[in-house]
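Q: Sharing final-v5.txt below, compact mmCIF, C-alpha atoms:
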# COMPACT_ATOMS: atom_id res chain seq x y z
CA MET A 1 -18.85 -5.05 15.16
CA THR A 2 -17.43 -4.84 11.65
CA VAL A 3 -16.05 -1.76 9.96
CA GLN A 4 -19.22 -1.50 7.87
CA GLN A 5 -21.27 -1.14 11.05
CA THR A 6 -19.30 1.78 12.44
CA ARG A 7 -19.86 5.44 11.68
CA GLY A 8 -17.13 7.96 11.01
CA GLU A 9 -17.15 11.62 11.85
CA THR A 10 -19.15 12.45 8.73
CA GLY A 11 -22.04 10.28 9.88
CA VAL A 12 -21.82 8.23 6.67
CA GLN A 13 -21.12 4.56 7.13
CA PRO A 14 -17.66 3.76 5.71
CA GLY A 15 -19.14 0.79 3.85
CA HIS A 16 -21.38 3.23 1.96
CA GLU A 17 -18.58 5.48 0.76
CA PRO A 18 -17.21 4.84 -2.74
CA LEU A 19 -14.20 2.58 -2.88
CA LYS A 20 -10.90 4.32 -3.49
CA PHE A 21 -8.47 2.94 -6.04
CA ALA A 22 -4.68 3.08 -5.88
CA TYR A 23 -2.00 1.67 -8.14
CA TRP A 24 1.53 0.50 -7.52
CA VAL A 25 4.00 2.94 -9.05
CA PRO A 26 6.43 0.90 -11.17
CA ASN A 27 9.45 2.89 -10.04
CA VAL A 28 11.36 -0.40 -9.81
CA SER A 29 12.47 -2.24 -12.93
CA GLY A 30 11.01 -5.62 -13.76
CA GLY A 31 7.34 -4.70 -13.47
CA LEU A 32 4.97 -6.10 -10.87
CA VAL A 33 5.50 -9.80 -11.60
CA VAL A 34 8.71 -11.81 -11.30
CA SER A 35 8.28 -13.35 -14.73
CA LYS A 36 9.99 -13.38 -18.09
CA ILE A 37 6.69 -12.64 -19.82
CA GLU A 38 6.53 -9.39 -21.77
CA GLN A 39 5.54 -6.47 -19.55
CA ARG A 40 4.87 -3.24 -21.43
CA THR A 41 5.76 -1.35 -18.27
CA ASP A 42 8.83 0.76 -17.60
CA TRP A 43 10.47 2.11 -14.45
CA SER A 44 11.59 5.42 -15.98
CA TYR A 45 10.34 8.79 -14.80
CA GLU A 46 8.90 9.67 -18.21
CA TYR A 47 6.82 6.48 -18.25
CA ASN A 48 5.70 7.01 -14.66
CA LYS A 49 4.75 10.63 -15.31
CA ARG A 50 2.58 9.55 -18.23
CA LEU A 51 1.09 6.70 -16.19
CA ALA A 52 0.21 9.05 -13.30
CA LYS A 53 -1.74 11.32 -15.62
CA VAL A 54 -3.52 8.35 -17.20
CA ALA A 55 -4.36 6.90 -13.79
CA GLU A 56 -5.67 10.22 -12.50
CA ASP A 57 -7.93 10.56 -15.55
CA SER A 58 -9.05 6.92 -15.20
CA GLY A 59 -10.47 7.32 -11.69
CA PHE A 60 -7.49 6.42 -9.51
CA GLU A 61 -7.14 8.62 -6.44
CA TYR A 62 -3.86 7.24 -5.02
CA ALA A 63 -0.50 5.93 -6.20
CA LEU A 64 2.04 4.09 -4.02
CA SER A 65 5.75 4.48 -4.81
CA GLN A 66 7.69 1.36 -3.88
CA VAL A 67 10.91 1.48 -1.90
CA ARG A 68 13.97 -0.52 -2.87
CA TYR A 69 17.56 0.54 -2.28
CA MET A 70 19.45 -2.17 -4.14
CA ALA A 71 19.00 -4.76 -6.86
CA SER A 72 17.14 -7.86 -5.78
CA TYR A 73 14.98 -10.55 -7.35
CA GLY A 74 14.52 -8.97 -10.76
CA ALA A 75 14.51 -5.35 -9.56
CA ALA A 76 17.81 -4.24 -11.08
CA TYR A 77 17.05 -0.50 -10.98
CA GLN A 78 15.05 1.60 -8.53
CA HIS A 79 14.03 5.24 -8.31
CA GLU A 80 13.99 6.50 -4.72
CA SER A 81 10.42 6.66 -3.49
CA THR A 82 10.10 10.13 -1.91
CA SER A 83 11.80 12.05 -4.72
CA LEU A 84 9.81 10.24 -7.41
CA SER A 85 6.61 10.75 -5.43
CA LEU A 86 7.20 14.51 -5.32
CA ALA A 87 7.86 14.50 -9.06
CA LEU A 88 4.57 12.67 -9.68
CA LEU A 89 2.72 15.09 -7.41
CA LEU A 90 4.04 17.97 -9.50
CA ALA A 91 2.98 16.20 -12.71
CA THR A 92 -0.64 15.70 -11.60
CA GLU A 93 -3.50 17.75 -10.20
CA ARG A 94 -5.61 15.40 -8.07
CA LEU A 95 -3.60 12.23 -7.47
CA ASN A 96 -2.49 11.51 -3.90
CA VAL A 97 0.97 9.93 -3.91
CA ILE A 98 2.13 7.68 -1.08
CA ALA A 99 5.89 7.30 -0.60
CA ALA A 100 7.05 4.09 1.05
CA VAL A 101 9.72 4.78 3.70
CA HIS A 102 11.89 2.65 5.99
CA PRO A 103 12.43 3.51 9.65
CA GLY A 104 16.08 2.83 10.31
CA LEU A 105 17.09 4.32 6.97
CA TRP A 106 15.29 7.65 7.54
CA GLN A 107 15.63 9.94 10.52
CA PRO A 108 11.93 10.70 11.18
CA GLY A 109 12.29 14.45 11.59
CA VAL A 110 14.07 14.77 8.25
CA LEU A 111 11.40 12.64 6.57
CA ALA A 112 8.64 14.67 8.24
CA LYS A 113 10.21 17.88 6.94
CA PHE A 114 10.47 16.52 3.39
CA ILE A 115 6.84 15.36 3.36
CA ALA A 116 5.59 18.63 4.88
CA SER A 117 7.26 20.52 2.04
CA ALA A 118 5.92 18.06 -0.56
CA ASP A 119 2.45 18.44 0.94
CA GLN A 120 2.62 22.24 0.77
CA ILE A 121 3.91 22.17 -2.81
CA SER A 122 1.26 19.69 -3.99
CA GLY A 123 -1.74 21.24 -2.31
CA GLY A 124 -2.14 18.55 0.37
CA ARG A 125 -1.67 15.34 -1.63
CA ALA A 126 1.42 13.77 0.00
CA ALA A 127 1.29 10.63 2.14
CA ILE A 128 3.66 7.97 3.52
CA ASN A 129 3.64 4.21 3.82
CA VAL A 130 5.80 3.19 6.79
CA VAL A 131 7.33 -0.24 6.13
CA SER A 132 9.27 -2.08 8.80
CA GLY A 133 11.45 -3.83 6.19
CA TRP A 134 11.93 -7.43 5.07
CA PHE A 135 15.18 -7.25 3.06
CA LYS A 136 18.04 -7.64 5.51
CA ASP A 137 20.79 -6.90 2.97
CA GLU A 138 19.42 -3.39 2.35
CA PHE A 139 20.18 -2.52 5.96
CA THR A 140 23.42 -4.42 6.54
CA ARG A 141 25.08 -3.42 3.26
CA LEU A 142 24.29 0.21 4.01
CA GLY A 143 25.94 -0.28 7.40
CA GLU A 144 22.73 -0.12 9.42
CA PRO A 145 21.72 -2.64 12.09
CA TRP A 146 19.11 -5.28 11.27
CA LEU A 147 16.54 -5.67 14.04
CA GLU A 148 14.42 -8.74 14.66
CA HIS A 149 10.79 -8.73 13.54
CA GLY A 150 9.13 -7.47 16.71
CA GLU A 151 11.77 -4.78 17.22
CA ARG A 152 11.36 -3.54 13.65
CA TYR A 153 7.65 -3.05 14.30
CA ARG A 154 8.34 -1.37 17.65
CA ARG A 155 10.65 1.06 15.87
CA ALA A 156 8.13 1.63 13.07
CA GLU A 157 5.36 2.42 15.58
CA GLU A 158 7.60 4.88 17.38
CA PHE A 159 8.54 6.40 14.02
CA ILE A 160 4.86 7.05 13.28
CA ARG A 161 4.20 8.55 16.73
CA TYR A 162 7.17 10.87 16.26
CA VAL A 163 6.10 11.98 12.75
CA ARG A 164 2.50 12.59 13.83
CA GLU A 165 3.69 14.60 16.83
CA ILE A 166 6.05 16.82 14.83
CA TRP A 167 3.37 17.43 12.18
CA THR A 168 0.69 18.48 14.66
CA SER A 169 2.37 20.09 17.68
CA ASP A 170 4.01 23.49 18.05
CA HIS A 171 6.11 22.10 20.90
CA ALA A 172 6.75 18.54 19.74
CA GLU A 173 8.03 16.13 22.37
CA HIS A 174 8.83 12.45 22.09
CA GLN A 175 10.86 10.25 24.40
CA GLY A 176 11.25 6.71 23.11
CA ASP A 177 13.67 3.83 22.82
CA PHE A 178 14.55 4.69 19.22
CA TYR A 179 13.75 8.39 18.71
CA ARG A 180 13.56 11.63 20.69
CA LEU A 181 12.09 15.09 20.14
CA HIS A 182 12.72 18.13 22.32
CA ASP A 183 10.34 21.11 22.07
CA PHE A 184 10.49 21.17 18.28
CA ASP A 185 8.31 23.39 16.10
CA LEU A 186 8.28 22.26 12.49
CA LYS A 187 7.56 25.11 10.05
CA PRO A 188 5.93 24.96 7.65
CA LYS A 189 3.76 22.15 8.82
CA PRO A 190 1.78 20.12 6.29
CA LEU A 191 -1.09 21.91 4.60
CA ASP A 192 -4.27 22.33 6.62
CA VAL A 193 -6.69 20.15 4.64
CA PRO A 194 -10.31 19.73 5.79
CA GLY A 195 -11.02 16.20 6.91
CA ARG A 196 -7.48 15.18 7.82
CA ALA A 197 -5.22 16.05 10.72
CA HIS A 198 -1.98 15.57 8.73
CA PRO A 199 -0.73 13.69 5.65
CA GLU A 200 -2.16 10.19 5.71
CA ILE A 201 -0.03 7.45 7.24
CA PHE A 202 -0.24 3.99 5.71
CA MET A 203 1.38 0.73 6.76
CA GLY A 204 1.20 -2.87 5.65
CA GLY A 205 1.51 -6.29 7.18
CA ASN A 206 -0.19 -9.51 8.18
CA SER A 207 1.53 -10.48 11.42
CA THR A 208 0.24 -10.04 14.96
CA ASP A 209 2.82 -7.28 15.45
CA ALA A 210 1.58 -5.51 12.32
CA ARG A 211 -2.08 -5.79 13.32
CA GLY A 212 -1.31 -4.32 16.72
CA MET A 213 0.65 -1.44 15.30
CA GLY A 214 -2.02 -0.78 12.69
CA GLY A 215 -4.76 -0.61 15.28
CA ARG A 216 -2.79 1.68 17.58
CA VAL A 217 -1.28 4.29 15.29
CA THR A 218 -1.95 4.14 11.55
CA ASP A 219 -4.59 5.76 9.35
CA TRP A 220 -4.59 3.02 6.70
CA TYR A 221 -3.75 -0.67 7.02
CA PHE A 222 -2.68 -2.38 3.78
CA MET A 223 -3.04 -6.15 3.49
CA ASN A 224 -1.29 -8.53 1.12
CA GLY A 225 -3.52 -10.27 -1.39
CA ASN A 226 -5.89 -12.66 0.33
CA THR A 227 -9.35 -14.16 0.16
CA PRO A 228 -12.32 -12.10 1.37
CA GLU A 229 -12.43 -14.30 4.47
CA GLY A 230 -8.74 -13.79 5.19
CA VAL A 231 -9.14 -10.04 4.77
CA ALA A 232 -12.18 -9.97 7.08
CA GLU A 233 -10.15 -11.61 9.85
CA GLN A 234 -7.51 -8.89 9.70
CA VAL A 235 -10.12 -6.13 9.56
CA ARG A 236 -11.69 -7.50 12.75
CA ASP A 237 -8.35 -7.85 14.54
CA VAL A 238 -7.07 -4.36 13.69
CA THR A 239 -10.45 -2.77 14.46
CA ASP A 240 -10.51 -4.50 17.84
CA VAL A 241 -7.03 -3.20 18.68
CA ALA A 242 -8.05 0.33 17.71
CA ARG A 243 -11.14 0.14 19.91
CA VAL A 244 -9.21 -1.21 22.91
CA ASN A 245 -6.73 1.66 22.51
CA GLY A 246 -9.49 4.26 22.61
CA ARG A 247 -9.35 5.32 18.99
CA PRO A 248 -12.61 6.57 17.44
CA GLU A 249 -14.61 4.21 15.27
CA GLY A 250 -13.42 4.30 11.69
CA ALA A 251 -10.00 5.69 12.70
CA VAL A 252 -8.26 2.89 10.77
CA LYS A 253 -9.18 2.30 7.15
CA PHE A 254 -8.29 -0.78 5.13
CA GLY A 255 -6.77 -1.51 1.75
CA VAL A 256 -5.93 -4.79 0.03
CA ASN A 257 -3.42 -5.62 -2.68
CA GLY A 258 -4.64 -7.18 -5.92
CA PHE A 259 -3.27 -7.90 -9.38
CA VAL A 260 -5.81 -7.24 -12.13
CA VAL A 261 -6.10 -9.31 -15.29
CA ALA A 262 -9.32 -8.10 -16.94
CA ARG A 263 -9.94 -9.31 -20.48
CA ASP A 264 -12.89 -9.76 -22.84
CA SER A 265 -13.39 -13.37 -21.72
CA GLU A 266 -12.60 -15.30 -18.56
CA ALA A 267 -10.68 -17.86 -20.59
CA GLU A 268 -8.43 -15.17 -22.05
CA ALA A 269 -7.79 -13.63 -18.63
CA ARG A 270 -6.95 -16.98 -17.07
CA GLN A 271 -4.61 -17.80 -19.93
CA VAL A 272 -2.72 -14.56 -19.28
CA LEU A 273 -2.37 -15.49 -15.59
CA HIS A 274 -1.24 -18.99 -16.55
CA ASP A 275 1.38 -17.55 -18.92
CA ILE A 276 2.71 -15.18 -16.25
CA ILE A 277 3.24 -18.04 -13.81
CA ASP A 278 4.45 -20.49 -16.48
CA GLN A 279 7.15 -18.02 -17.54
CA ALA A 280 8.16 -17.10 -13.98
CA ASP A 281 11.81 -16.35 -13.29
CA VAL A 282 12.23 -19.41 -11.09
CA GLU A 283 15.57 -18.41 -9.58
CA ALA A 284 14.35 -14.91 -8.71
CA VAL A 285 11.03 -16.14 -7.27
CA GLU A 286 12.76 -18.75 -5.12
CA GLY A 287 15.32 -16.21 -3.95
CA PHE A 288 12.57 -13.75 -3.05
CA GLY A 289 10.64 -16.49 -1.27
CA SER A 290 13.65 -17.47 0.83
CA ALA A 291 14.24 -13.85 1.82
CA VAL A 292 10.68 -12.96 2.77
CA LYS A 293 9.66 -16.15 4.55
CA GLN A 294 11.92 -15.17 7.44
CA ALA A 295 9.61 -12.20 8.08
CA GLY A 296 6.94 -14.48 9.51
CA GLN A 297 9.23 -17.24 10.74
CA SER A 298 10.93 -14.78 13.07
CA THR A 299 7.67 -13.88 14.81
CA GLY A 300 6.66 -15.53 18.05
CA ASP A 301 3.52 -17.11 16.59
CA LYS A 302 5.00 -17.77 13.11
CA LYS A 303 2.25 -15.63 11.64
CA GLY A 304 3.11 -13.04 9.07
CA MET A 305 3.36 -11.98 5.47
CA TRP A 306 4.14 -14.69 2.92
CA GLN A 307 3.99 -17.55 5.44
CA ASP A 308 1.41 -19.51 3.47
CA SER A 309 2.38 -18.18 0.03
CA ASP A 310 3.22 -20.83 -2.55
CA PHE A 311 5.44 -20.42 -5.63
CA SER A 312 2.68 -19.03 -7.85
CA ASP A 313 1.66 -16.50 -5.17
CA LEU A 314 5.22 -15.20 -4.94
CA VAL A 315 5.41 -14.49 -8.68
CA GLN A 316 3.43 -11.36 -7.75
CA TYR A 317 5.44 -10.24 -4.78
CA ASN A 318 2.60 -9.03 -2.58
CA ASP A 319 0.36 -12.06 -3.17
CA GLY A 320 -1.75 -10.10 -5.65
CA PHE A 321 -2.99 -13.18 -7.51
CA ARG A 322 -4.67 -14.44 -4.34
CA THR A 323 -7.19 -11.60 -4.43
CA GLY A 324 -8.70 -13.18 -7.55
CA LEU A 325 -9.17 -10.14 -9.78
CA VAL A 326 -9.02 -12.24 -12.93
CA GLY A 327 -11.78 -12.50 -15.54
CA THR A 328 -14.11 -10.26 -17.50
CA PRO A 329 -14.66 -6.66 -16.35
CA GLU A 330 -17.97 -7.77 -14.80
CA GLN A 331 -16.33 -10.62 -12.90
CA VAL A 332 -13.51 -8.39 -11.62
CA ALA A 333 -15.99 -5.70 -10.51
CA HIS A 334 -18.14 -8.21 -8.61
CA ARG A 335 -15.05 -9.67 -6.96
CA ILE A 336 -13.97 -6.18 -5.86
CA MET A 337 -17.36 -5.69 -4.24
CA GLU A 338 -16.83 -8.85 -2.18
CA TYR A 339 -13.88 -7.11 -0.54
CA LYS A 340 -15.80 -3.92 0.06
CA ARG A 341 -18.41 -5.94 1.96
CA GLN A 342 -15.63 -7.17 4.27
CA GLY A 343 -14.60 -3.62 5.20
CA VAL A 344 -12.06 -2.82 2.47
CA GLN A 345 -12.06 0.87 1.51
CA MET A 346 -9.19 0.91 -0.98
CA MET A 347 -7.98 -1.48 -3.66
CA LEU A 348 -4.22 -1.27 -4.28
CA LEU A 349 -3.76 -2.65 -7.79
CA GLY A 350 -0.98 -3.93 -10.00
CA PHE A 351 -1.12 -4.64 -13.74
CA LEU A 352 0.91 -6.39 -16.42
CA HIS A 353 0.97 -3.56 -18.99
CA PHE A 354 0.36 -0.59 -16.74
CA ILE A 355 -0.72 2.26 -18.99
CA GLU A 356 -3.01 0.26 -21.25
CA ASP A 357 -4.37 -1.90 -18.41
CA VAL A 358 -5.04 1.12 -16.16
CA GLU A 359 -6.90 2.80 -19.03
CA HIS A 360 -8.90 -0.40 -19.61
CA PHE A 361 -9.70 -0.69 -15.90
CA GLY A 362 -10.96 2.89 -15.75
CA ARG A 363 -13.04 2.47 -18.89
CA GLU A 364 -14.43 -1.06 -18.42
CA VAL A 365 -14.23 -2.12 -14.76
CA LEU A 366 -14.59 0.99 -12.63
CA PRO A 367 -17.98 2.07 -14.08
CA ILE A 368 -19.38 -1.35 -13.19
CA VAL A 369 -18.05 -1.03 -9.63
CA ARG A 370 -19.78 2.35 -9.30
CA GLU A 371 -23.04 0.89 -10.63
CA LEU A 372 -22.83 -1.97 -8.13
CA GLU A 373 -22.09 0.46 -5.29
CA ALA A 374 -25.09 2.62 -6.24
CA ALA A 375 -27.37 -0.42 -6.46
CA GLU A 376 -26.21 -1.68 -3.06
CA LEU A 377 -26.66 1.74 -1.48
CA ALA A 378 -30.18 1.96 -2.88
CA ARG A 379 -30.98 -1.49 -1.55
CA VAL A 380 -29.81 -0.95 2.04
CA GLY A 381 -30.55 2.79 2.27
CA ARG A 382 -28.37 5.46 3.83
Spit out the file's structure as structure tokens when you get a sec.
A:
Amino acid sequence: MTVQQTRGETGVQPGHEPLKFAYWVPNVSGGLVVSKIEQRTDWSYEYNKRLAKVAEDSGFEYALSQVRYMASYGAAYQHESTSLSLALLLATERLNVIAAVHPGLWQPGVLAKFIASADQISGGRAAINVVSGWFKDEFTRLGEPWLEHGERYRRAEEFIRYVREIWTSDHAEHQGDFYRLHDFDLKPKPLDVPGRAHPEIFMGGNSTDARGMGGRVTDWYFMNGNTPEGVAEQVRDVTDVARVNGRPEGAVKFGVNGFVVARDSEAEARQVLHDIIDQADVEAVEGFGSAVKQAGQSTGDKKGMWQDSDFSDLVQYNDGFRTGLVGTPEQVAHRIMEYKRQGVQMMLLGFLHFIEDVEHFGREVLPIVRELEAAELARVGR
């Protein structure tokens, strides 16, 4: 049974609900591609505040703040994800902002308290993306231990269980290998928002460990850029894990990363992509590739993020080119619909020139997606 065939609590098939759109917050310098090509994108707060307002007005419902703690592979400067996320929440009215956080660098109770306050302040728009970590130096240079792949995911899963417990229980208890809670009552708790039990919890990954964790504990499972067929495989795997663990149908929702190059002609769009790759920062891309390949190589089945990524894939550091969102607005919209048919409910998007490209996407691509969704809904019926 695919995600499209299940029914959520609302009685509406998830495949019939409008796609949600998120964008990567460029809170890290260097833009979203490891290339020397011009990127009219900036990591500053002022730029990101303006971008958040533009994105909100262009139909984006979510933004994801990246997490980096030190310079690496073109990312010389980084704004911390939770503080910038709160600032963006305060600068907008409807945008949900997801802060990426690392277990091992955050004590989960402290993080839960911060997000509960951010959620109260923003009217229920805070969320987290729990990342197990791929950059060893960020841990070791901060004096923290670096765990092997499976242990990082075990810790991340326990981190999520702890955070969910402290957000929802008046007498929170957790006894684990990494974290413990003893009759703790967090006040204030996150805002009571209809349709959600607590701030949404996202995670990302491709590996068997990631798929298992996603199925057991997360609300949203983010996938690196991939083909529709590759995405469908992960949707099936995570959905199966959720079902085996007794979670209700539709408990896990799915998002996929993509880098959008939408231009007036396909030839123009493909030339932009060619130029990005042709002007890649070779040293930085190769350094990034060497660092991230260990993430999958350290797994028991050698299956994980970036394992089959080639040089051109790594120029966009979450394989965004592989999603194939390159062409005219019509071509990009039709490609997006291919992912929706495989169970994707959110597109997490990156752009070359963020403000102008986000505006263009909202004006030229998104209306076509909505027309295609309406036509498909009319064809299959509710």
Q: Counting all atoms listed in the file, which residues in stretch 216-235 of chain A sit no more than 12 Å from stretch 310-317 of chain A? For each one, give the nearest pair of atoms and the distance in Å, sorted by chain then residue number, as a tab-separated table.
A:
residue	atom	partner	partner_atom	distance
A:Asn224	CA	A:Tyr317	CA	9.1
A:Gly225	CA	A:Asp313	CA	8.9
A:Asn226	CA	A:Asp313	CA	10.1
Q: Could you write out the selected residues, including C-alpha atoms, as an mmCIF file, keeping the file's coordinate frame?
A:
data_model
loop_
_atom_site.group_PDB
_atom_site.id
_atom_site.type_symbol
_atom_site.label_atom_id
_atom_site.label_comp_id
_atom_site.auth_asym_id
_atom_site.auth_seq_id
_atom_site.Cartn_x
_atom_site.Cartn_y
_atom_site.Cartn_z
ATOM 1 C CA ASN A 224 -1.290 -8.530 1.120
ATOM 2 C CA GLY A 225 -3.520 -10.270 -1.390
ATOM 3 C CA ASN A 226 -5.890 -12.660 0.330
#
Q: Can you work out the spacing between atom CA of A:Glu158 and atom CA of A:Val131 in Å, to one decimal?
A: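 It comes out at 12.4 Å.
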Q: Quick check, in Å to one decimal: how far apart do atom CA of A:His149 and atom CA of A:Ala210 lie?
A: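 Atom-to-atom, atom CA of A:His149 and atom CA of A:Ala210 are spaced 9.8 Å apart.
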Q: Counting all atoms listed in the file, which residue out of A:Ala156, A:Gly205, A:His353, A:Val260 sits closest to A:Asp42?
A: A:His353
Q: Tell me which of A:Val244, A:Ile160, A:Val272, A:Ile115 sits closest to A:Pro103, counting all atoms listed in the file.
A: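 The closest residue to A:Pro103 is A:Ile160.
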Q: Using all atoms listed in the file, can you tell me which of A:Ala75, A:Leu89, A:Ala284, A:Ala22 comes closest to A:Gly258?
A: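 Of the candidates, the smallest distance to A:Gly258 is held by A:Ala22.
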Q: Rounded to one decimal, what separation in Å do you get between atom CA of A:Leu366 and atom CA of A:Tyr23?
A: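 Pair atom CA of A:Leu366 / atom CA of A:Tyr23 returns 13.4 Å.
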Q: For A:Ala91, which of A:Thr227, A:Ser72, A:Ala55, A:Val67 is the closest residue, counting only C-alpha atoms?
A: A:Ala55
Q: Using only C-alpha atoms, pick whichever of A:Leu32, A:Leu273, A:Ala197, A:Ala172 has the shortest atom-to-atom distance to A:Ala251.
A: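 Of all the options, A:Ala197 lies closest to A:Ala251.
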Q: Could the centre and edge lengths of an axis-aligned box, enclosing all atoms of stretch 30-39 of chain A in the file with 8 Å extra on each side, be given in Å to one decimal as JSON?
A:
{"center_x": 8.0, "center_y": -9.0, "center_z": -16.3, "size_x": 22.0, "size_y": 24.7, "size_z": 26.9}
Q: Nearest to A:Glu364 among A:Gly381, A:Gly59, A:Gly143, A:Pro26, with distances taken over all atoms listed in the file: which residue is it?
A: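 Comparing A:Gly381, A:Gly59, A:Gly143, A:Pro26 against A:Glu364, the winner is A:Gly59.
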